[in-house]
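Have a look at the structure below, then the notes.
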Amino acid sequence: MAVKYDLNEREVWDGNFAASQALRQAQVDVVVAYPITPSTPIVENYGSYVANGYIDGEFVMVESEHAAMSGCIGASAAGGRVSTATSSQGFALMAEVLYQASGMRLPIVLNVVNRALASPLNVRGDHADMYLGRDSGWIQMGAFNAQEAYDLALCAFKIAENHDVRLPVMVHQDGFITSHTAQNVYPMTDEAAINFVGEIDPVDDMLDFSRPVTYGAQTEEDWHFEHKAKQHKALMDSRPIIDEVYEEFAKLTGRKYNRVESYNMEDAEVVIVGLGTTVETARVAAEQLREEEGIKAGVVAIRCFRPFPFEDVRDALEGAKAVAVTDRSSPGGAMGAFFNEVSAALYTTESRPLVTNFIYGLGGRDFSIDEAKRIFKEQKAHADAGHITTDIQQFSGLRGPHLGYFQTKRG
Amino acid sequence: MAITSIKNLKEFSTNNDRFEGAHTLCPGCAHSMIVRELMNCTDDNLVISANTGCLEVSTAVYPFTSWDTSWIHIGFENAATSVTAAQVMHSVRKKKGTLKDNDAPVKFVAFGGDGSTFDIGFQWLSGAMERGHDFTYICLDNENYANTGGQRSSATPIGATTSTAQAGTHSYGKKEKKKDIVAIMAAHGAPYVAQLAPNKWKSMAKGFQKALETEGPCFINTVSPCCTEWKFDPKDTIGITDLATDSLMFPIYEIIDGHELNILYRPKNLLKVEDYLGAQGRYKHLFKPENKHVIEKIQSDIDKNWEMLQRREEARI
Amino acid sequence: MTEIRWHSRAGQGAVSGAKGLGDVVATTGKEVQAFALYGSAKRGAALRAYNRISDEQIFNHAKFMYPDFVLVIDPALAMTDDITMNDKESTKYIITSHLSKEELIAAIPALADKADRVYVVDCIEISLDTIGRSMPNSPMLGAFVKISGMFELDYFLENMKRVLSKFPQKIIDANMEAITRAYNEVK
Amino acid sequence: MQDLKLKANENRGLHQLESGKDLYGWDEVTQGSVLPSFEGDASKIAHLKAEERDYSNYNSYTATVASWRVKKPVFNIDVCIDCQNCWVWCPDSSILSRDKQMLGIDYDHCKGCEVCVEVCPTNPKSLLMFGENEDLETALSQWPEKKKKEK
């Protein structure tokens, strides 16, 4: 029986500590991990909870991130609750096995502390690793601060282990900006947390010897497509279940999450669409602009990057005139991936707002209120002109001459 | 632990197979002889993992499995990791009492070919051995990447021709020595390490049982002649293995706690390595006059290795 | 919103100082933020840490700020780092130095017109005397309590004891002494 | 004696996968492509003989690879000494052995590799290869005599 951990009603935790407390409260059975900045403290803390009896689990320090996720798969197929954490290069090294975890429908919770991908080497936050996971078949949820890193990690177990979902879940937080920033966090009691998450009820349990199972079969062109289709459907069908879990969480804590979050959107004409901490900074900018200049600015955030909330994004943005979609990942010779997805959703609306793409914040480059304001003002100019007046894709916050691509053919 | 009697073959044959037929390994493949024997060595429940390789692609082809036990394959390199993590989960769930049957005895076993053991999965294997989990890793060593059409591995011996180390007018095939995986695994401090061969079924069964009984990470390298890539008639699988063990190309021995070496088989009628090489197509080119030195080199390596094994056995260090 | 920027070297405890300050402030019911920009920074490398304090939830995640307080806990960085960056007319400076206030301002031209907002305390010496090694973060907190007037000293000390509760009593006592001395010595 | 119905449960060979029949849709494949080996409780599986087990349709035991074979081994029980060499080295789990006795060959799983014939120590051998279509009686009638040791 685990030793009682003393919690205050109000704690000052950084995102890493908050996530590790969620792992403790969910009484994760096995963590298989390899350390990488900036996610390391999550698994270090889990290890210290094991070492001090705060949790009846095991911490396995393996020799690489690939092995970490491989171990998570083995442990999860063995029927218990499993979690780990990683970032950046470690995430990239895990990439092969991420697909195996989702293909085998294993409810692993991966805390991803977002960090840029080399080269050049960089330890700070951008969303390159998160984007790398976007076709991996995992549910991907984004936390914008330490409180949310904690809340969503708890929700993640409940979603992943739901028998109608049975998919692995990533909970993303921004490297350093969330992971290493201490803020007020209001934890649940241990009892409330475990009651909410519940006990895991294993499916296809490798340790149930009354029913031996084979995991990881080979399929060729005769079966692979069917399995992938079934997996995709499970991911698409997880949407209402995610909503239910968010609803139940709100009843317990008063903190209500949505797969798409809207701020000041009732009458917004110009909008920033973003992921991560950017969302909160943009919210401050939107409110200031409303007060200072009367610009009807709003913010739309994607809480649930996968399954991509196509309909909800469309609904949230349908009334907007000009929308700036922000990609915190080097786009590699294309428009930002997030821009493409949001644009695709908006293309199916009547209003088809003007959409531009900002590449920003790479390698942890600061995103300030002033920068958000500048982006809003540009959107205002598009809205007033009735067409896009700048390049469709621009690099924002970059030193040196302007870098941008493509002009509109409308107007 | 329920160990099956291996007093003699008749006793052993009362076992009920848990590795089923209608898998799609080549006719005459030694892999399945070895796997069957491992599974027949115990009545305990087994959790088995496999690296990518011939065994994996032939025994779990959707919608069929040939495994009557829990089994998992993830990727090329991580069988040791997946099965040891399952073992850790077993210990946690046993402690918490969340297993379906908390008292059911279970053993954890990983299989890999020489490609995944010596090469691509080497780091994962080394990590699992170092962490000291209670499991047995069995390498099915057919000395090449048979699953992908016979490329060289670091287990391929000098002089063999493979599709990526070809014998030709300017080459006698692979130039480099086979990696000594047994010594490397013993150096990890594993409590039980052995090299075994399926023709010597009893020493193999004894070794398997020792590995399953020994607490901690055990490693066994088994020679697994590959009729397809070694180029011999499938019916001769056991005969070729006899030549391998009786020429000492593939000596059978165990190392306990990293140092105590025991030779498990001494051929009464020691054969020259030509007899072994000559029976396989992959060494055919060595019998050309210009390649004679390679056969001499192989024989001299065998002699030196045998001398080393005998001295280590004697020295007990 | 109160914003604070720390100038420090890795290993001097600015990150713990900022987090400790945040911890104490949170007990008053305020929302806090404490963060630093480091990562692969090795001991001795210059780094900056940040605090925000507000009555409402803090949404701004930028490191960019117009600081209300600049806390410099490394004497050399006071000379070499851009400590007056993005300051306001009301920004207060608390600087670790063995120099007198006059000598310090003379050495740092950027402070010339801000003399009424510059405070000096020798956190290094205080920490060497009390804690036994160079750990200027605790004394800086004492100086900050005095200059900001945000707390009563006793209230702050009580709460710092809780923040430091995982340490041995001897270390807690030394830190209390360091905070108190700096509170009294800052000028 | 070789006609014992030990070898298969009723559904063996029903799947026609090699011919492309029996391929069903995405809504019917198993979750995560996981394959359960048995129906019902399999806790004591190590203690059950094949004919006592409740194999699932996903178990390759229920499938056949008989069509892979060009020649087949025929077993002559009159010569057999039940040494079990063929049992231990059969790579296809196709030697039907019960209570220390060799009873026959599972022709649904035998691929005709001939290993069993090679490792058979009797004189004459108790297993010999015959054409796939040769019937048992004809095969047995052609069994060779004991060979004299060459001197």
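Identifiers for the structure tokens are assigned positionally: chains receive A, B, ... in sequence, residues are indexed from 1 per chain, and ligands are indexed from 1 in the order shown.
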*Report as JSON, numbers by chain the set of chain D residues whose atoms approach chain B to within 6 Å, with distances computed over only C-alpha atoms.*
{"D": [37, 46, 49, 58, 59, 60, 61, 63, 64, 65, 84, 89, 91, 92, 93, 99, 100, 109, 111, 113, 114, 115]}
_All strand (DSSP E or B) residues (DSSP, backbone) inside region 34-117 of chain B, as a PyMOL selection string_ = chain B and resi 42+45-50+61+65+67+70-73+106-113
*Contact residues (chain A, partner chain C, 7 Å, only C-alpha atoms) as a PyMOL selection string*: chain A and resi 12+123+177+180-184+277+280-281+284+366-368
*Would you mind listing what lies within 12 Å of Lys206 (chain B) as a ChimeraX atom specification, with only C-alpha atoms counted and same-chain residues fewer than 5 positions away left out?*
/B:3-8,12,37-38,40-42,194-198,200-201,211-214,220,253-254,264
Residues from the last selection, N, CA, C and O atoms, saved as an mmCIF file, in the first residue's frame:
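What follows is the written file result.cif:
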```
data_model
loop_
_atom_site.group_PDB
_atom_site.id
_atom_site.type_symbol
_atom_site.label_atom_id
_atom_site.label_comp_id
_atom_site.auth_asym_id
_atom_site.auth_seq_id
_atom_site.Cartn_x
_atom_site.Cartn_y
_atom_site.Cartn_z
ATOM 1 N N ILE B 3 9.110 -28.503 -14.522
ATOM 2 C CA ILE B 3 10.091 -28.880 -15.536
ATOM 3 C C ILE B 3 9.713 -30.255 -16.076
ATOM 4 O O ILE B 3 9.392 -31.170 -15.333
ATOM 5 N N THR B 4 9.749 -30.385 -17.375
ATOM 6 C CA THR B 4 9.391 -31.637 -18.006
ATOM 7 C C THR B 4 10.576 -32.599 -17.970
ATOM 8 O O THR B 4 11.718 -32.158 -18.061
ATOM 9 N N SER B 5 10.281 -33.871 -17.855
ATOM 10 C CA SER B 5 11.361 -34.856 -17.836
ATOM 11 C C SER B 5 12.058 -34.936 -19.191
ATOM 12 O O SER B 5 11.418 -35.036 -20.237
ATOM 13 N N ILE B 6 13.400 -34.878 -19.150
ATOM 14 C CA ILE B 6 14.171 -35.043 -20.397
ATOM 15 C C ILE B 6 15.142 -36.210 -20.233
ATOM 16 O O ILE B 6 16.182 -36.262 -20.879
ATOM 17 N N LYS B 7 14.758 -37.146 -19.354
ATOM 18 C CA LYS B 7 15.622 -38.293 -19.090
ATOM 19 C C LYS B 7 15.970 -38.975 -20.399
ATOM 20 O O LYS B 7 17.100 -39.328 -20.665
ATOM 21 N N ASN B 8 14.966 -39.202 -21.212
ATOM 22 C CA ASN B 8 15.209 -39.753 -22.544
ATOM 23 C C ASN B 8 14.121 -39.219 -23.468
ATOM 24 O O ASN B 8 13.158 -38.585 -23.030
ATOM 25 N N PHE B 12 10.414 -37.397 -22.891
ATOM 26 C CA PHE B 12 10.262 -36.032 -23.397
ATOM 27 C C PHE B 12 9.049 -35.939 -24.332
ATOM 28 O O PHE B 12 8.314 -34.951 -24.335
ATOM 29 N N GLU B 37 11.304 -27.255 -28.999
ATOM 30 C CA GLU B 37 11.987 -27.888 -27.877
ATOM 31 C C GLU B 37 11.972 -26.989 -26.642
ATOM 32 O O GLU B 37 11.745 -27.459 -25.526
ATOM 33 N N LEU B 38 12.193 -25.706 -26.854
ATOM 34 C CA LEU B 38 12.140 -24.772 -25.704
ATOM 35 C C LEU B 38 10.772 -24.861 -25.023
ATOM 36 O O LEU B 38 10.664 -24.984 -23.802
ATOM 37 N N ASN B 40 8.677 -27.202 -25.088
ATOM 38 C CA ASN B 40 8.403 -28.519 -24.521
ATOM 39 C C ASN B 40 9.204 -28.785 -23.252
ATOM 40 O O ASN B 40 9.022 -29.808 -22.618
ATOM 41 N N CYS B 41 10.106 -27.873 -22.910
ATOM 42 C CA CYS B 41 10.951 -28.082 -21.737
ATOM 43 C C CYS B 41 10.266 -27.720 -20.429
ATOM 44 O O CYS B 41 10.821 -27.924 -19.364
ATOM 45 N N THR B 42 9.120 -27.108 -20.500
ATOM 46 C CA THR B 42 8.440 -26.691 -19.268
ATOM 47 C C THR B 42 6.926 -26.750 -19.465
ATOM 48 O O THR B 42 6.437 -26.632 -20.592
ATOM 49 N N ALA B 194 24.912 -19.885 -22.801
ATOM 50 C CA ALA B 194 25.315 -21.146 -23.422
ATOM 51 C C ALA B 194 25.246 -21.054 -24.931
ATOM 52 O O ALA B 194 24.564 -20.180 -25.484
ATOM 53 N N GLN B 195 25.982 -21.947 -25.569
ATOM 54 C CA GLN B 195 25.851 -22.132 -27.012
ATOM 55 C C GLN B 195 25.422 -23.585 -27.224
ATOM 56 O O GLN B 195 26.078 -24.502 -26.740
ATOM 57 N N LEU B 196 24.296 -23.776 -27.917
ATOM 58 C CA LEU B 196 23.697 -25.103 -28.011
ATOM 59 C C LEU B 196 23.294 -25.398 -29.454
ATOM 60 O O LEU B 196 23.250 -24.485 -30.283
ATOM 61 N N ALA B 197 23.013 -26.661 -29.702
ATOM 62 C CA ALA B 197 22.669 -27.063 -31.068
ATOM 63 C C ALA B 197 21.541 -28.088 -31.037
ATOM 64 O O ALA B 197 21.508 -28.954 -30.162
ATOM 65 N N PRO B 198 20.624 -28.016 -31.996
ATOM 66 C CA PRO B 198 19.434 -28.871 -31.934
ATOM 67 C C PRO B 198 19.719 -30.354 -32.193
ATOM 68 O O PRO B 198 18.926 -31.191 -31.795
ATOM 69 N N LYS B 200 22.001 -32.052 -30.786
ATOM 70 C CA LYS B 200 22.248 -32.575 -29.440
ATOM 71 C C LYS B 200 21.050 -32.175 -28.591
ATOM 72 O O LYS B 200 21.117 -31.265 -27.746
ATOM 73 N N TRP B 201 19.934 -32.850 -28.838
ATOM 74 C CA TRP B 201 18.669 -32.399 -28.258
ATOM 75 C C TRP B 201 18.719 -32.354 -26.735
ATOM 76 O O TRP B 201 18.133 -31.478 -26.112
ATOM 77 N N ALA B 211 18.374 -22.415 -18.102
ATOM 78 C CA ALA B 211 18.120 -20.986 -18.330
ATOM 79 C C ALA B 211 16.771 -20.584 -17.747
ATOM 80 O O ALA B 211 16.639 -19.543 -17.099
ATOM 81 N N LEU B 212 15.763 -21.426 -17.956
ATOM 82 C CA LEU B 212 14.435 -21.089 -17.444
ATOM 83 C C LEU B 212 14.420 -21.102 -15.918
ATOM 84 O O LEU B 212 13.739 -20.290 -15.282
ATOM 85 N N GLU B 213 15.194 -22.009 -15.329
ATOM 86 C CA GLU B 213 15.218 -22.118 -13.864
ATOM 87 C C GLU B 213 16.061 -21.038 -13.207
ATOM 88 O O GLU B 213 15.813 -20.673 -12.066
ATOM 89 N N THR B 214 17.075 -20.586 -13.914
ATOM 90 C CA THR B 214 18.001 -19.615 -13.320
ATOM 91 C C THR B 214 17.343 -18.252 -13.220
ATOM 92 O O THR B 214 16.806 -17.745 -14.198
ATOM 93 N N ILE B 220 21.132 -17.725 -24.652
ATOM 94 C CA ILE B 220 21.527 -18.950 -25.341
ATOM 95 C C ILE B 220 21.627 -18.682 -26.832
ATOM 96 O O ILE B 220 20.704 -18.138 -27.447
ATOM 97 N N TYR B 253 28.838 -25.321 -25.354
ATOM 98 C CA TYR B 253 29.374 -25.068 -24.014
ATOM 99 C C TYR B 253 28.488 -24.068 -23.294
ATOM 100 O O TYR B 253 27.631 -23.416 -23.904
ATOM 101 N N GLU B 254 28.695 -23.974 -21.991
ATOM 102 C CA GLU B 254 27.947 -23.007 -21.192
ATOM 103 C C GLU B 254 28.918 -22.197 -20.350
ATOM 104 O O GLU B 254 30.041 -22.650 -20.086
ATOM 105 N N LEU B 264 30.114 -28.860 -23.153
ATOM 106 C CA LEU B 264 28.988 -29.793 -23.000
ATOM 107 C C LEU B 264 29.037 -30.937 -24.002
ATOM 108 O O LEU B 264 28.288 -31.897 -23.891
#
```
*Do you know which residues are at most 9 Å from Leu136 (chain D) counting only C-alpha atoms, after dropping those on the same chain fewer than 5 positions away, and could you put them as a list in words?*
Val74, Phe75 and Ser141 of chain D
*asked:* So that I can see what lies close to Asn85 (chain D), please list as a list of chain:residue names the residues with an atom at most 9 Å from it, counting only C-alpha atoms and leaving out residues fewer than 4 positions away in the same chain.
replied: B:Leu9, D:Trp89, D:Cys90, D:Cys116, D:Val119, D:Cys120, D:Pro121
Sorted by chain and rising residue number, list the residues of chain A at most 9 Å from chain D (counting only C-alpha atoms), each with its closest atom pair and distance in Å to one decimal, as JSON lines.
```
{"residue": "A:Ser102", "atom": "CA", "partner": "D:Gly32", "partner_atom": "CA", "distance": 7.9}
{"residue": "A:Gly103", "atom": "CA", "partner": "D:Gly32", "partner_atom": "CA", "distance": 5.5}
{"residue": "A:Met104", "atom": "CA", "partner": "D:Gly32", "partner_atom": "CA", "distance": 4.0}
{"residue": "A:Arg105", "atom": "CA", "partner": "D:Gly32", "partner_atom": "CA", "distance": 5.0}
{"residue": "A:Leu106", "atom": "CA", "partner": "D:Gly32", "partner_atom": "CA", "distance": 8.1}
{"residue": "A:Asp204", "atom": "CA", "partner": "D:Val34", "partner_atom": "CA", "distance": 7.4}
{"residue": "A:Asp208", "atom": "CA", "partner": "D:Ser43", "partner_atom": "CA", "distance": 8.5}
{"residue": "A:Phe209", "atom": "CA", "partner": "D:Ser43", "partner_atom": "CA", "distance": 5.4}
{"residue": "A:Ser210", "atom": "CA", "partner": "D:Ser43", "partner_atom": "CA", "distance": 4.0}
{"residue": "A:Arg211", "atom": "CA", "partner": "D:Ala42", "partner_atom": "CA", "distance": 5.7}
{"residue": "A:Pro212", "atom": "CA", "partner": "D:Pro36", "partner_atom": "CA", "distance": 5.9}
{"residue": "A:Val213", "atom": "CA", "partner": "D:Pro36", "partner_atom": "CA", "distance": 4.3}
{"residue": "A:Thr214", "atom": "CA", "partner": "D:Leu35", "partner_atom": "CA", "distance": 4.9}
{"residue": "A:Tyr215", "atom": "CA", "partner": "D:Val34", "partner_atom": "CA", "distance": 5.0}
{"residue": "A:Gly216", "atom": "CA", "partner": "D:Val34", "partner_atom": "CA", "distance": 6.9}
{"residue": "A:Ala217", "atom": "CA", "partner": "D:Ser33", "partner_atom": "CA", "distance": 6.5}
{"residue": "A:Gln218", "atom": "CA", "partner": "D:Ser33", "partner_atom": "CA", "distance": 8.7}
{"residue": "A:Thr219", "atom": "CA", "partner": "D:Ser33", "partner_atom": "CA", "distance": 8.7}
{"residue": "A:Asp222", "atom": "CA", "partner": "D:Leu23", "partner_atom": "CA", "distance": 7.5}
{"residue": "A:Trp223", "atom": "CA", "partner": "D:Leu23", "partner_atom": "CA", "distance": 8.0}
{"residue": "A:Phe225", "atom": "CA", "partner": "D:Trp26", "partner_atom": "CA", "distance": 7.9}
{"residue": "A:Glu226", "atom": "CA", "partner": "D:Trp26", "partner_atom": "CA", "distance": 4.2}
{"residue": "A:His227", "atom": "CA", "partner": "D:Trp26", "partner_atom": "CA", "distance": 6.2}
{"residue": "A:Lys228", "atom": "CA", "partner": "D:Trp26", "partner_atom": "CA", "distance": 8.3}
{"residue": "A:Ala229", "atom": "CA", "partner": "D:Trp26", "partner_atom": "CA", "distance": 6.4}
{"residue": "A:Lys230", "atom": "CA", "partner": "D:Trp26", "partner_atom": "CA", "distance": 5.8}
{"residue": "A:Gln231", "atom": "CA", "partner": "D:Gly32", "partner_atom": "CA", "distance": 7.6}
```
*Could you pull out the residues in region 49-133 of chain A that DSSP calls helix (DSSP H, G or I) from the backbone, as a VMD selection string?*
chain A and resid 49 to 51 65 to 77 88 to 103 128 to 132
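Pairwise distance (CA of Gln140 (chain A), CA of Gly276 (chain A)) equals 12.0 Å.
Here the question is which of B:Phe135, B:Asn221, B:Val92, B:Gly97 gets nearest to Val28 (chain A) using only C-alpha atoms, and that residue is B:Val92.
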*Rounded to one decimal place, report the CA of Leu140 (chain B)-CA of Phe111 (chain B) distance in Å.*
7.1 Å
_Need the shell around region 135-141 of chain C: protein/DNA/RNA residues with any atom at most 9 Å away, counting only C-alpha atoms. Skip same-chain ones fewer than 2 positions apart. Format as JSON, numbers by chain?_
{"C": [11, 12, 13, 14, 15, 16, 17, 18, 20, 21, 71, 72, 73, 74, 94, 95, 96, 121, 122, 123, 124, 125, 126, 127, 128, 131, 132, 133, 143, 144, 145, 146, 175, 176, 177, 178, 179, 180, 181, 182, 183]}
Those residues you just picked out, can you put them in a file as a short mmCIF file (atom, residue, chain, number, x, y, z; two decimals), in the first residue's frame with N, CA and C atoms?
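Final output, saved to result04.cif:
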```
data_model
loop_
_atom_site.label_atom_id
_atom_site.label_comp_id
_atom_site.auth_asym_id
_atom_site.auth_seq_id
_atom_site.Cartn_x
_atom_site.Cartn_y
_atom_site.Cartn_z
N GLY C 11 23.71 27.74 -10.98
CA GLY C 11 24.34 27.25 -9.76
C GLY C 11 24.20 28.21 -8.59
N GLN C 12 23.82 29.48 -8.87
CA GLN C 12 23.67 30.45 -7.78
C GLN C 12 22.28 30.42 -7.16
N GLY C 13 21.40 29.66 -7.76
CA GLY C 13 20.11 29.46 -7.11
C GLY C 13 19.02 30.43 -7.52
N ALA C 14 19.18 31.10 -8.65
CA ALA C 14 18.13 32.04 -9.07
C ALA C 14 16.82 31.30 -9.37
N VAL C 15 16.95 30.10 -9.95
CA VAL C 15 15.75 29.36 -10.31
C VAL C 15 15.02 28.94 -9.03
N SER C 16 15.78 28.38 -8.08
CA SER C 16 15.14 28.01 -6.81
C SER C 16 14.62 29.24 -6.09
N GLY C 17 15.38 30.34 -6.19
CA GLY C 17 14.95 31.59 -5.55
C GLY C 17 13.63 32.05 -6.12
N ALA C 18 13.53 32.02 -7.45
CA ALA C 18 12.30 32.47 -8.11
C ALA C 18 11.14 31.56 -7.74
N GLY C 20 10.97 29.62 -5.03
CA GLY C 20 10.69 29.80 -3.61
C GLY C 20 9.84 31.04 -3.38
N LEU C 21 10.20 32.12 -4.06
CA LEU C 21 9.42 33.35 -3.95
C LEU C 21 7.99 33.11 -4.41
N LEU C 71 16.54 41.77 -10.12
CA LEU C 71 17.35 41.24 -9.03
C LEU C 71 18.64 40.66 -9.63
N VAL C 72 19.78 41.23 -9.24
CA VAL C 72 21.05 40.76 -9.80
C VAL C 72 21.82 40.08 -8.67
N ILE C 73 22.02 38.77 -8.79
CA ILE C 73 22.66 38.07 -7.67
C ILE C 73 24.09 37.67 -7.99
N ASP C 74 24.60 38.13 -9.12
CA ASP C 74 26.02 37.90 -9.41
C ASP C 74 26.67 39.26 -9.65
N ILE C 94 17.85 45.64 -7.36
CA ILE C 94 18.56 45.19 -6.16
C ILE C 94 19.77 44.40 -6.65
N ILE C 95 20.95 44.88 -6.31
CA ILE C 95 22.16 44.34 -6.92
C ILE C 95 23.11 43.85 -5.84
N THR C 96 23.60 42.64 -6.08
CA THR C 96 24.61 42.07 -5.18
C THR C 96 25.96 42.69 -5.49
N VAL C 121 23.22 45.23 -1.85
CA VAL C 121 23.40 44.33 -0.70
C VAL C 121 24.43 43.29 -1.12
N ASP C 122 25.27 42.85 -0.19
CA ASP C 122 26.30 41.87 -0.56
C ASP C 122 25.82 40.45 -0.24
N CYS C 123 25.04 39.94 -1.14
CA CYS C 123 24.44 38.61 -0.91
C CYS C 123 25.51 37.52 -0.85
N ILE C 124 26.60 37.72 -1.60
CA ILE C 124 27.65 36.69 -1.60
C ILE C 124 28.26 36.60 -0.20
N GLU C 125 28.62 37.75 0.34
CA GLU C 125 29.25 37.73 1.66
C GLU C 125 28.29 37.19 2.72
N ILE C 126 27.05 37.64 2.62
CA ILE C 126 26.06 37.18 3.61
C ILE C 126 25.90 35.66 3.54
N SER C 127 25.84 35.13 2.34
CA SER C 127 25.63 33.68 2.23
C SER C 127 26.87 32.92 2.69
N LEU C 128 28.05 33.48 2.40
CA LEU C 128 29.27 32.82 2.89
C LEU C 128 29.28 32.80 4.41
N ILE C 131 25.41 30.63 5.38
CA ILE C 131 25.18 29.29 4.82
C ILE C 131 26.50 28.55 4.65
N GLY C 132 27.57 29.30 4.51
CA GLY C 132 28.88 28.66 4.43
C GLY C 132 29.36 28.48 3.01
N ARG C 133 28.55 28.83 2.04
CA ARG C 133 29.02 28.81 0.67
C ARG C 133 28.28 29.89 -0.12
N ALA C 143 16.33 40.81 0.84
CA ALA C 143 16.41 42.18 0.34
C ALA C 143 15.15 42.56 -0.42
N PHE C 144 14.66 41.61 -1.21
CA PHE C 144 13.45 41.86 -2.00
C PHE C 144 12.25 42.13 -1.08
N VAL C 145 12.13 41.35 -0.01
CA VAL C 145 11.02 41.54 0.93
C VAL C 145 11.05 42.95 1.49
N LYS C 146 12.24 43.40 1.82
CA LYS C 146 12.38 44.74 2.38
C LYS C 146 12.00 45.81 1.34
N ASN C 175 19.56 29.69 6.32
CA ASN C 175 18.86 30.47 5.31
C ASN C 175 18.01 31.56 5.94
N MET C 176 17.41 31.25 7.08
CA MET C 176 16.60 32.26 7.77
C MET C 176 17.49 33.43 8.19
N GLU C 177 18.67 33.07 8.65
CA GLU C 177 19.61 34.11 9.09
C GLU C 177 20.04 34.96 7.89
N ALA C 178 20.28 34.28 6.76
CA ALA C 178 20.72 34.99 5.55
C ALA C 178 19.64 35.97 5.08
N ILE C 179 18.41 35.52 5.11
CA ILE C 179 17.30 36.37 4.66
C ILE C 179 17.17 37.59 5.58
N THR C 180 17.26 37.31 6.87
CA THR C 180 17.09 38.38 7.86
C THR C 180 18.21 39.42 7.73
N ARG C 181 19.45 38.91 7.60
CA ARG C 181 20.58 39.84 7.48
C ARG C 181 20.44 40.74 6.26
N ALA C 182 20.10 40.13 5.13
CA ALA C 182 19.97 40.93 3.89
C ALA C 182 18.84 41.93 4.03
N TYR C 183 17.77 41.50 4.68
CA TYR C 183 16.64 42.41 4.92
C TYR C 183 17.11 43.67 5.64
#
```
*Within 10 Å of Asn291 (chain B), counting only C-alpha atoms, which residues qualify if same-chain residues fewer than 5 places away don't, as number ranges by chain?*
B: 159, 171-172, 285-286, 296
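Take the candidates A:Arg239, A:His127, A:Lys377, A:His66 and check each one against chain B using only C-alpha atoms; the shortest distance goes to A:His66.
For the pair CA of Lys71 (chain D) and CA of Arg282 (chain B), the interatomic distance is 25.9 Å.
Candidate residues A:His172, A:Arg374, A:Arg124, A:Lys158 were compared for distance to Asn16 (chain A), and the nearest is A:His172, using only C-alpha atoms.
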